[in-house]
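Reproduced below: work.txt, with compact mmCIF, C-alpha atoms.
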```
# COMPACT_ATOMS: atom_id res chain seq x y z
CA MET A 1 241.13 -2.95 -94.93
CA HIS A 2 244.25 -1.12 -96.15
CA THR A 3 246.82 -2.91 -98.29
CA TYR A 4 250.44 -1.74 -98.10
CA TYR A 5 253.28 -2.69 -100.44
CA ALA A 6 256.66 -2.11 -98.83
CA LEU A 7 260.37 -2.69 -99.14
CA GLY A 8 262.04 -3.71 -95.89
CA LEU A 9 265.82 -3.15 -95.68
CA MET A 10 268.14 -4.77 -93.16
CA SER A 11 271.91 -4.45 -92.88
CA GLY A 12 273.31 -6.88 -90.34
CA SER A 13 276.56 -6.97 -88.43
CA SER A 14 277.83 -9.89 -90.54
CA LEU A 15 278.39 -7.39 -93.42
CA ASP A 16 277.23 -9.88 -96.04
CA GLY A 17 275.06 -7.28 -97.79
CA LEU A 18 271.72 -5.50 -97.79
CA ASP A 19 268.70 -7.74 -97.23
CA ILE A 20 265.72 -6.43 -99.23
CA ALA A 21 262.21 -7.84 -98.88
CA TYR A 22 259.25 -6.77 -101.01
CA CYS A 23 256.17 -7.38 -98.88
CA ARG A 24 252.40 -7.03 -98.95
CA PHE A 25 250.47 -6.37 -95.74
CA ASP A 26 246.67 -6.24 -95.37
CA TRP A 27 245.99 -4.07 -92.31
CA ASP A 28 242.51 -4.23 -90.76
CA GLY A 29 242.98 -1.31 -88.36
CA THR A 30 244.33 -3.30 -85.42
CA ALA A 31 246.21 -6.26 -86.87
CA VAL A 32 247.73 -7.73 -90.03
CA ASP A 33 244.93 -9.75 -91.59
CA SER A 34 247.19 -11.37 -94.19
CA TRP A 35 250.66 -10.85 -95.61
CA GLU A 36 253.04 -12.14 -98.26
CA LEU A 37 256.77 -12.00 -98.89
CA LEU A 38 256.69 -11.35 -102.64
CA GLN A 39 260.39 -11.04 -103.52
CA ALA A 40 263.58 -11.04 -101.49
CA GLU A 41 267.31 -10.95 -102.09
CA THR A 42 270.56 -10.08 -100.35
CA LEU A 43 272.57 -7.67 -102.50
CA PRO A 44 276.23 -8.03 -101.46
CA TYR A 45 278.26 -4.97 -100.49
CA SER A 46 281.28 -3.98 -102.52
CA GLU A 47 284.65 -4.65 -100.90
CA ILE A 48 285.06 -0.92 -100.38
CA TRP A 49 281.82 -0.71 -98.42
CA VAL A 50 282.65 -3.77 -96.33
CA ARG A 51 285.89 -2.07 -95.28
CA ARG A 52 284.15 1.27 -94.66
CA LEU A 53 281.46 -0.23 -92.46
CA ALA A 54 283.86 -2.45 -90.52
CA GLY A 55 286.25 0.42 -89.82
CA LEU A 56 283.76 3.22 -89.16
CA PRO A 57 283.61 2.86 -85.34
CA HIS A 58 287.27 3.95 -85.25
CA GLN A 59 286.95 6.99 -87.56
CA ASN A 60 286.50 10.64 -86.63
CA ALA A 61 283.22 12.56 -86.47
CA PHE A 62 283.58 14.04 -89.97
CA ILE A 63 284.08 10.61 -91.57
CA PHE A 64 281.16 9.24 -89.57
CA ALA A 65 278.79 11.99 -90.76
CA GLN A 66 280.00 11.64 -94.34
CA THR A 67 279.59 7.86 -94.33
CA ASP A 68 276.11 8.15 -92.84
CA VAL A 69 274.97 10.17 -95.86
CA TYR A 70 276.92 8.26 -98.50
CA PHE A 71 275.64 4.93 -97.23
CA GLY A 72 272.09 6.28 -97.64
CA TYR A 73 272.81 7.02 -101.30
CA TYR A 74 274.46 3.61 -101.71
CA MET A 75 271.43 1.81 -100.25
CA GLY A 76 269.26 3.79 -102.67
CA GLU A 77 271.34 2.49 -105.57
CA LEU A 78 270.95 -1.10 -104.34
CA VAL A 79 267.21 -0.58 -103.93
CA ASN A 80 266.94 0.68 -107.50
CA THR A 81 268.85 -2.38 -108.72
CA PHE A 82 266.38 -4.61 -106.85
CA ILE A 83 263.32 -2.74 -108.17
CA ASN A 84 264.54 -2.92 -111.76
CA LYS A 85 265.53 -6.57 -111.54
CA TYR A 86 262.12 -7.70 -110.28
CA GLU A 87 260.18 -5.08 -112.27
CA ILE A 88 258.41 -3.86 -109.15
CA GLY A 89 255.76 -1.25 -109.80
CA HIS A 90 253.91 -0.14 -106.68
CA ILE A 91 255.75 0.65 -103.43
CA ASP A 92 254.04 2.62 -100.65
CA TYR A 93 257.19 3.06 -98.57
CA ILE A 94 260.68 1.80 -97.82
CA ALA A 95 261.42 0.89 -94.19
CA SER A 96 265.14 0.90 -93.49
CA HIS A 97 267.01 -0.28 -90.42
CA GLY A 98 270.31 1.13 -91.64
CA HIS A 99 273.59 -0.31 -90.36
CA THR A 100 274.34 -0.19 -86.64
CA ILE A 101 277.68 1.41 -85.78
CA PHE A 102 277.15 2.28 -82.11
CA HIS A 103 274.56 0.95 -79.67
CA ASP A 104 274.89 1.94 -76.01
CA PRO A 105 271.50 2.30 -74.32
CA SER A 106 273.19 2.73 -70.93
CA ARG A 107 274.29 6.14 -72.24
CA ARG A 108 270.99 6.62 -74.10
CA PHE A 109 272.30 6.61 -77.65
CA THR A 110 272.32 4.39 -80.71
CA ALA A 111 273.49 5.06 -84.25
CA GLN A 112 272.29 3.32 -87.41
CA ILE A 113 273.83 4.94 -90.49
CA GLY A 114 272.21 5.26 -93.91
CA ARG A 115 270.58 8.67 -93.95
CA GLY A 116 266.88 8.34 -94.72
CA ALA A 117 266.82 11.59 -96.73
CA ALA A 118 269.60 10.35 -99.02
CA LEU A 119 267.85 7.00 -99.51
CA ALA A 120 264.54 8.73 -100.29
CA ALA A 121 266.22 11.06 -102.78
CA THR A 122 267.97 8.22 -104.63
CA ALA A 123 265.08 5.72 -104.70
CA ASN A 124 262.40 8.43 -105.08
CA LYS A 125 260.22 6.66 -102.51
CA THR A 126 258.93 7.59 -99.08
CA VAL A 127 261.40 6.26 -96.50
CA ILE A 128 260.87 5.42 -92.84
CA ALA A 129 264.07 5.04 -90.81
CA ASP A 130 265.44 5.18 -87.25
CA PHE A 131 263.42 2.56 -85.38
CA ARG A 132 265.30 2.64 -82.05
CA SER A 133 265.92 6.21 -80.87
CA GLN A 134 262.53 7.05 -79.34
CA ASP A 135 262.57 3.89 -77.25
CA ILE A 136 266.11 4.63 -76.01
CA ALA A 137 265.11 8.21 -75.18
CA LEU A 138 262.58 6.69 -72.76
CA GLU A 139 265.31 4.57 -71.14
CA GLY A 140 264.68 1.43 -73.19
CA GLU A 141 267.25 -0.85 -74.75
CA GLY A 142 266.03 -0.03 -78.27
CA ALA A 143 266.32 -3.76 -78.97
CA PRO A 144 265.49 -6.36 -79.92
CA LEU A 145 262.91 -5.40 -82.52
CA ALA A 146 262.04 -8.94 -83.64
CA PRO A 147 259.14 -9.53 -81.18
CA LEU A 148 256.90 -7.28 -83.28
CA VAL A 149 257.16 -9.51 -86.34
CA ASP A 150 256.74 -12.58 -84.14
CA ALA A 151 253.59 -11.20 -82.53
CA TYR A 152 251.94 -9.88 -85.70
CA LEU A 153 253.03 -12.37 -88.36
CA PHE A 154 254.08 -15.63 -86.63
CA PRO A 155 251.66 -16.38 -83.78
CA GLY A 156 251.43 -19.81 -82.20
CA TYR A 157 254.96 -20.31 -80.86
CA ASP A 158 256.24 -20.07 -77.29
CA PHE A 159 259.76 -18.98 -78.20
CA TYR A 160 261.41 -17.35 -81.21
CA MET A 161 265.12 -17.20 -81.91
CA ASN A 162 267.02 -15.28 -84.56
CA ILE A 163 270.66 -16.15 -85.17
CA GLY A 164 272.22 -13.26 -87.03
CA GLY A 165 275.39 -11.39 -86.14
CA ILE A 166 273.90 -11.35 -82.65
CA ALA A 167 271.40 -13.97 -81.47
CA ASN A 168 268.20 -12.88 -79.74
CA ILE A 169 265.24 -14.66 -78.19
CA SER A 170 261.57 -13.72 -77.90
CA ALA A 171 259.00 -15.43 -75.71
CA SER A 172 255.22 -15.24 -75.75
CA HIS A 173 252.67 -16.54 -73.25
CA ALA A 174 249.16 -15.45 -72.27
CA GLY A 175 249.42 -12.27 -74.31
CA LYS A 176 252.76 -11.13 -72.88
CA MET A 177 255.84 -10.76 -75.09
CA ILE A 178 259.38 -10.38 -73.81
CA ALA A 179 262.72 -10.53 -75.61
CA PHE A 180 266.44 -9.82 -75.31
CA ASP A 181 269.81 -10.48 -76.91
CA ILE A 182 271.36 -13.80 -75.92
CA ALA A 183 274.95 -13.82 -77.19
CA PRO A 184 277.21 -13.02 -80.14
CA ALA A 185 276.66 -15.39 -83.05
CA ASN A 186 277.59 -15.02 -86.73
CA GLN A 187 279.69 -11.96 -86.01
CA VAL A 188 282.09 -14.13 -84.01
CA PHE A 189 281.69 -17.25 -86.17
CA ASN A 190 282.53 -15.28 -89.31
CA PHE A 191 285.50 -13.57 -87.66
CA LEU A 192 286.95 -16.94 -86.73
CA ALA A 193 286.28 -18.44 -90.17
CA ALA A 194 288.07 -15.48 -91.76
CA GLN A 195 291.27 -16.55 -89.97
CA VAL A 196 291.46 -19.48 -92.40
CA GLY A 197 290.24 -17.51 -95.43
CA GLN A 198 286.57 -18.55 -95.26
CA PRO A 199 283.64 -16.11 -95.20
CA TYR A 200 281.76 -18.31 -92.70
CA ASP A 201 281.86 -21.76 -91.13
CA ASN A 202 280.00 -23.68 -93.84
CA GLY A 203 277.62 -26.10 -92.12
CA GLY A 204 279.63 -25.72 -88.91
CA GLU A 205 282.42 -27.94 -90.22
CA ILE A 206 285.16 -26.07 -88.36
CA ALA A 207 283.25 -26.27 -85.09
CA ARG A 208 282.38 -29.92 -85.69
CA ASN A 209 286.08 -30.79 -85.68
CA GLY A 210 286.76 -28.86 -82.49
CA THR A 211 286.50 -29.48 -78.77
CA VAL A 212 284.89 -27.16 -76.25
CA HIS A 213 287.47 -25.82 -73.82
CA ALA A 214 285.96 -25.67 -70.32
CA ASN A 215 288.18 -22.92 -68.87
CA PHE A 216 287.75 -20.76 -71.95
CA MET A 217 283.99 -21.26 -71.80
CA LYS A 218 284.00 -20.08 -68.19
CA ASP A 219 285.94 -16.96 -69.18
CA LEU A 220 283.49 -16.23 -72.01
CA ARG A 221 280.44 -16.68 -69.79
CA ASP A 222 281.90 -14.46 -67.05
CA ALA A 223 281.50 -11.44 -69.36
CA GLU A 224 279.16 -8.86 -67.85
CA HIS A 225 276.26 -9.21 -70.32
CA TYR A 226 275.29 -12.76 -69.34
CA SER A 227 274.65 -12.12 -65.65
CA ARG A 228 272.52 -9.00 -66.25
CA PRO A 229 268.75 -9.41 -65.94
CA TYR A 230 266.64 -8.84 -69.03
CA PRO A 231 265.67 -6.68 -70.85
CA LYS A 232 269.16 -6.27 -72.27
CA SER A 233 270.87 -5.87 -75.62
CA ILE A 234 274.32 -6.34 -77.16
CA GLY A 235 276.12 -3.71 -79.22
CA ASN A 236 278.53 -4.51 -82.03
CA GLU A 237 281.21 -2.43 -80.34
CA TRP A 238 281.00 -4.60 -77.18
CA ILE A 239 281.70 -7.67 -79.31
CA GLN A 240 284.68 -5.95 -80.95
CA ARG A 241 286.01 -4.49 -77.68
CA VAL A 242 285.40 -7.40 -75.29
CA VAL A 243 284.50 -10.66 -77.03
CA ILE A 244 286.76 -10.82 -80.09
CA PRO A 245 289.92 -10.02 -78.06
CA MET A 246 289.11 -12.96 -75.76
CA PHE A 247 289.21 -15.33 -78.73
CA MET A 248 292.36 -13.73 -80.12
CA ALA A 249 294.14 -14.13 -76.78
CA SER A 250 292.93 -17.66 -76.05
CA GLY A 251 295.79 -19.47 -77.76
CA LEU A 252 293.43 -22.33 -78.62
CA PRO A 253 293.34 -24.08 -82.00
CA LEU A 254 290.82 -22.39 -84.29
CA GLU A 255 288.44 -25.35 -84.36
CA ASN A 256 288.32 -25.33 -80.54
CA GLN A 257 287.57 -21.61 -80.53
CA MET A 258 284.73 -22.17 -83.00
CA ALA A 259 283.31 -25.10 -81.04
CA SER A 260 283.42 -22.99 -77.87
CA ALA A 261 281.69 -20.05 -79.60
CA CYS A 262 278.86 -22.35 -80.69
CA GLU A 263 278.56 -23.91 -77.25
CA LEU A 264 278.43 -20.47 -75.64
CA LEU A 265 275.33 -19.67 -77.71
CA VAL A 266 273.73 -23.03 -76.95
CA GLN A 267 274.28 -22.79 -73.20
CA GLU A 268 273.15 -19.16 -72.99
CA THR A 269 270.00 -20.04 -74.95
CA ILE A 270 269.12 -22.68 -72.38
CA VAL A 271 269.85 -20.25 -69.55
CA ALA A 272 267.61 -17.66 -71.24
CA ILE A 273 264.68 -20.10 -71.48
CA LYS A 274 265.07 -21.16 -67.84
CA ARG A 275 265.24 -17.56 -66.63
CA ILE A 276 262.15 -16.58 -68.61
CA ARG A 277 260.13 -19.51 -67.26
CA ILE A 278 261.16 -18.82 -63.67
CA LYS A 279 260.87 -15.02 -63.70
CA GLU A 280 257.56 -14.96 -65.57
CA GLN A 281 256.26 -18.03 -63.72
CA TRP A 282 255.37 -19.68 -67.01
CA PRO A 283 254.53 -23.40 -66.97
CA GLN A 284 257.25 -25.78 -68.06
CA GLN A 285 254.97 -27.41 -70.61
CA PRO A 286 255.99 -28.74 -74.04
CA SER A 287 256.94 -25.70 -76.13
CA LYS A 288 257.84 -24.77 -79.68
CA MET A 289 260.60 -22.43 -80.83
CA LEU A 290 260.67 -20.87 -84.32
CA ILE A 291 264.21 -20.22 -85.51
CA SER A 292 265.47 -17.86 -88.24
CA GLY A 293 268.58 -16.01 -89.39
CA GLY A 294 271.69 -17.08 -91.25
CA GLY A 295 272.94 -19.16 -88.33
CA THR A 296 270.13 -21.62 -89.05
CA TYR A 297 272.30 -22.99 -91.88
CA ASN A 298 275.02 -23.96 -89.39
CA THR A 299 273.91 -27.58 -89.13
CA PHE A 300 276.38 -28.38 -86.35
CA LEU A 301 275.03 -25.52 -84.23
CA ILE A 302 271.39 -26.43 -84.91
CA ALA A 303 271.95 -30.10 -84.07
CA ARG A 304 273.60 -29.13 -80.79
CA LEU A 305 270.80 -26.65 -80.07
CA CYS A 306 268.10 -29.27 -80.77
CA GLU A 307 269.80 -31.68 -78.39
CA ALA A 308 269.96 -29.11 -75.60
CA LEU A 309 266.42 -27.81 -76.17
CA ALA A 310 264.94 -31.32 -76.09
CA LYS A 311 266.07 -31.60 -72.46
CA GLU A 312 263.98 -28.48 -71.74
CA ASN A 313 260.96 -29.93 -73.58
CA VAL A 314 261.29 -27.40 -76.40
CA GLU A 315 260.84 -28.41 -80.04
CA LEU A 316 262.84 -26.43 -82.61
CA VAL A 317 260.88 -25.51 -85.77
CA VAL A 318 262.75 -24.48 -88.92
CA PRO A 319 260.69 -22.44 -91.44
CA ASP A 320 261.24 -22.16 -95.20
CA ASP A 321 264.37 -20.55 -96.63
CA LYS A 322 262.82 -17.15 -97.33
CA ILE A 323 261.75 -16.71 -93.72
CA ILE A 324 265.12 -17.94 -92.44
CA GLN A 325 266.98 -15.41 -94.55
CA PHE A 326 264.66 -12.42 -94.70
CA LYS A 327 262.62 -12.37 -91.49
CA GLU A 328 264.47 -9.24 -90.29
CA ALA A 329 263.87 -7.40 -93.57
CA LEU A 330 260.22 -8.45 -93.34
CA LEU A 331 260.24 -7.03 -89.81
CA MET A 332 261.40 -3.66 -91.13
CA GLY A 333 258.45 -3.57 -93.51
CA LEU A 334 256.09 -4.26 -90.61
CA LEU A 335 257.67 -1.59 -88.40
CA GLY A 336 257.16 0.92 -91.19
CA LEU A 337 253.48 -0.02 -91.46
CA LEU A 338 252.99 0.46 -87.71
CA ARG A 339 254.73 3.84 -87.92
CA LEU A 340 252.34 5.01 -90.65
CA GLU A 341 249.36 3.75 -88.64
CA ASN A 342 250.70 5.46 -85.49
CA VAL A 343 250.72 2.14 -83.63
CA PRO A 344 253.55 1.44 -81.12
CA ASN A 345 256.38 -0.47 -82.76
CA SER A 346 258.52 -0.91 -79.65
CA LEU A 347 257.23 -2.69 -76.54
CA PRO A 348 258.19 -1.80 -72.94
CA SER A 349 257.93 -5.47 -71.91
CA VAL A 350 260.73 -6.15 -74.39
CA THR A 351 262.96 -3.09 -74.11
CA GLY A 352 262.33 -1.87 -70.57
CA ALA A 353 261.32 1.62 -71.75
CA LYS A 354 259.01 3.81 -69.66
CA ALA A 355 256.26 3.57 -72.29
CA ALA A 356 255.38 2.06 -75.65
CA THR A 357 256.73 4.19 -78.49
CA VAL A 358 256.10 4.84 -82.17
CA ASN A 359 259.53 4.89 -83.76
CA GLY A 360 260.68 6.02 -87.19
CA GLY A 361 261.36 9.28 -89.00
CA ILE A 362 259.53 9.77 -92.30
CA TYR A 363 261.25 11.18 -95.41
CA VAL A 364 258.81 11.96 -98.21
CA SER A 365 259.90 11.30 -101.79
CA ARG A 366 260.18 14.15 -104.27
```
Output the structure of this file as C-alpha cells.
Amino acid sequence: MHTYYALGLMSGSSLDGLDIAYCRFDWDGTAVDSWELLQAETLPYSEIWVRRLAGLPHQNAFIFAQTDVYFGYYMGELVNTFINKYEIGHIDYIASHGHTIFHDPSRRFTAQIGRGAALAATANKTVIADFRSQDIALEGEGAPLAPLVDAYLFPGYDFYMNIGGIANISASHAGKMIAFDIAPANQVFNFLAAQVGQPYDNGGEIARNGTVHANFMKDLRDAEHYSRPYPKSIGNEWIQRVVIPMFMASGLPLENQMASACELLVQETIVAIKRIRIKEQWPQQPSKMLISGGGTYNTFLIARLCEALAKENVELVVPDDKIIQFKEALLMGLLGLLRLENVPNSLPSVTGAKAATVNGGIYVSR
C-alpha cells in the first residue's frame, strides 16, 4: 500500500477562481483502496486575471506564451496561500489542469495554460500537468476526464453528470465506461446573468421567471455538436464563437434566454441517456445518476432535470457540498497519482483515442 498526499488544481471556464483540493489516496497497486478530501477551497482570481483569461483567445502568440508562464507563477502564489492557510505539511505532488484556452481535437491540439515549470518553481513542489495532449495525439478528444474519478472513487452509479462551465456525462455498465460533453452550462448561464450585473443566476431565479422559446430552442439544438455521435467534446472557443452569439442575436427577454439555456441542457441530457442505452444496448432498468459541479446549486435547473430524468427511470443523487464543488480538483489529484504509477489516465472508450494513454508532464521541485 502506498499513500499519496496531493493537491489537485482545477481552473474552470466559469472563471470563478482556482479550485484547490488537498487529498489523500491509498493506492494498493491496482486501485484506490481508500481516499479522503482533507481540505478544499476556491481561491478567486483577481479582476486583472479574469480579464486576462477571458481575453486571451484573441491575443497574439507572444501574449499567449507570456500569459502561459505568468499564470503558472500566479497559480503557485495561490497554492502557497492555500498551504499556509491550512498549515499543510506533507505534499507528494501537485496535479494541475491549468486553464483551457483552446481545445480543438479535430485539428489535434489543445492548450491549457499555467506552465508546470513556473508552478513548480513557485510552490517548490513536484508538479504534474498537461493531462490531455497524449490522448489527442492518438486522435482522441482529450475529454472528458471525469470518468476516471467516477470509476476509481465513486463506483455504484449508472450515470454521472458534472455541470460546470460545460456539462458532461459519464456512464458505466458491466465494466465499460463511456463519456462525452453534453452542452454548454454555467459558461452560458453566467454570461446571461452578467447582462443584469449578476455573477450567476442564483438558484435559477432568472430562468424560473422565463419561458422556453420553441423556435429558439430548435435553433440552439441544430448546432453541429448535438447531432455528432460520441465520443465528442466541446471547446470554450466554440461556445464563444457559435453559442453566445446565438443568444445575443435572439432578441428574447433575458429570462426567456436563461430558461431556454437551462432547457437545452435538460433535453440534451435526456437525449444523451437514450443514445447511450440504445448504442450500448444497455437495459432500461432503474438507474442512478450522481451529479456534481457548480450548476448543482441551480435549484430550478435541478428540479427540471429531476422531472425529466424520472420519465427515463433515472434517480438523481446529490452528494455533499465538498464533492459538488471540488470533484474536478479531486479528479486532478487522482490523474496525478495514475501518472506517477504509470497507469493509463485517459480511456479510449471515453475519448475515442487509438489506445489508452498515460498523460501528464512531470516538473520536479528544486
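Around A:His103, within 8 Å and counting all atoms listed in the file, the residues found are A:Phe109, A:Thr110, A:Ala111, A:Ile234, A:Gly235, A:Asn236, A:Glu237, once anything fewer than 4 positions away on its own chain is removed.
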Non-local contacts of A:Asp181 (12 Å; all atoms listed in the file; under 2 positions in same chain excluded) as number ranges by chain: A: 141-147, 160-171, 178-179, 183-185, 225-226, 228-236, 265, 268-269, 272, 350-351
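Taking atom CA of A:Ser349 and atom CA of A:Ser172 as endpoints, the distance between them is 10.8 Å.
Atom pair atom CA of A:Trp49 / atom CA of A:Leu15: separated by 9.0 Å.
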Close residues, stretch 219-224 of chain A itself excluded, 10 Å, only C-alpha atoms, min 5 positions apart in chain, as a ChimeraX atom specification: /A:183,214,242-243,246-247,250,260-261,264-265,267-268
Local residues around (257.6, -10.6, -67.8), at most 8 Å away, using only C-alpha atoms, as a PyMOL selection string: chain A and resi 176-178+276+279-280+349
Gap from atom CA of A:Thr211 to atom CA of A:Ile239 - Å, one decimal: 22.3 Å
So that I can see what lies close to A:Ile362, please list as a tab-separated table (two decimals) with C-alpha atoms, in the coordinates of the input the residues with an atom at most 8 Å from it, counting all atoms listed in the file and leaving out residues fewer than 4 positions away in the same chain.
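File result-v4.tsv, as written:
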```tsv
chain	number	residue	atom	x	y	z
A	116	GLY	CA	266.88	8.34	-94.72
A	126	THR	CA	258.93	7.59	-99.08
A	127	VAL	CA	261.40	6.26	-96.50
A	128	ILE	CA	260.87	5.42	-92.84
A	129	ALA	CA	264.07	5.04	-90.81
```
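Distance annotation: of A:Ile113, A:Leu38, A:Leu334, A:Ala151, the residue with the minimal separation from A:Tyr70 is A:Ile113; atom set is only C-alpha atoms.
Among the candidates A:Ala117, A:Ile291, A:Leu331, A:Met1, the one nearest to A:Ile20 when counting only C-alpha atoms is A:Leu331.
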Sorted by chain and rising residue number, list the residues of stretch 108-225 of chain A at most 10 Å from stretch 301-311 of chain A (counting only C-alpha atoms), each with its closest atom pair and distance in Å to one decimal, as JSON lines.
```
{"residue": "A:Gly203", "atom": "CA", "partner": "A:Leu301", "partner_atom": "CA", "distance": 8.3}
{"residue": "A:Gly204", "atom": "CA", "partner": "A:Leu301", "partner_atom": "CA", "distance": 6.6}
{"residue": "A:Glu205", "atom": "CA", "partner": "A:Leu301", "partner_atom": "CA", "distance": 9.8}
{"residue": "A:Ala207", "atom": "CA", "partner": "A:Leu301", "partner_atom": "CA", "distance": 8.3}
{"residue": "A:Arg208", "atom": "CA", "partner": "A:Leu301", "partner_atom": "CA", "distance": 8.7}
```
Saved selection, atoms kept: C-alpha atoms, as a PDB file, in the frame of the given file:
```
ATOM      1  CA  GLY A 203     277.620 -26.100 -92.120  1.00  0.00           C
ATOM      2  CA  GLY A 204     279.630 -25.720 -88.910  1.00  0.00           C
ATOM      3  CA  GLU A 205     282.420 -27.940 -90.220  1.00  0.00           C
ATOM      4  CA  ALA A 207     283.250 -26.270 -85.090  1.00  0.00           C
ATOM      5  CA  ARG A 208     282.380 -29.920 -85.690  1.00  0.00           C
TER       6      ARG A 208
END
```
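Compared by their closest atoms to A:Glu255, and using only C-alpha atoms, the residues A:Gln195, A:Ser34, A:Gln240, A:Thr299 rank with A:Gln195 nearest.
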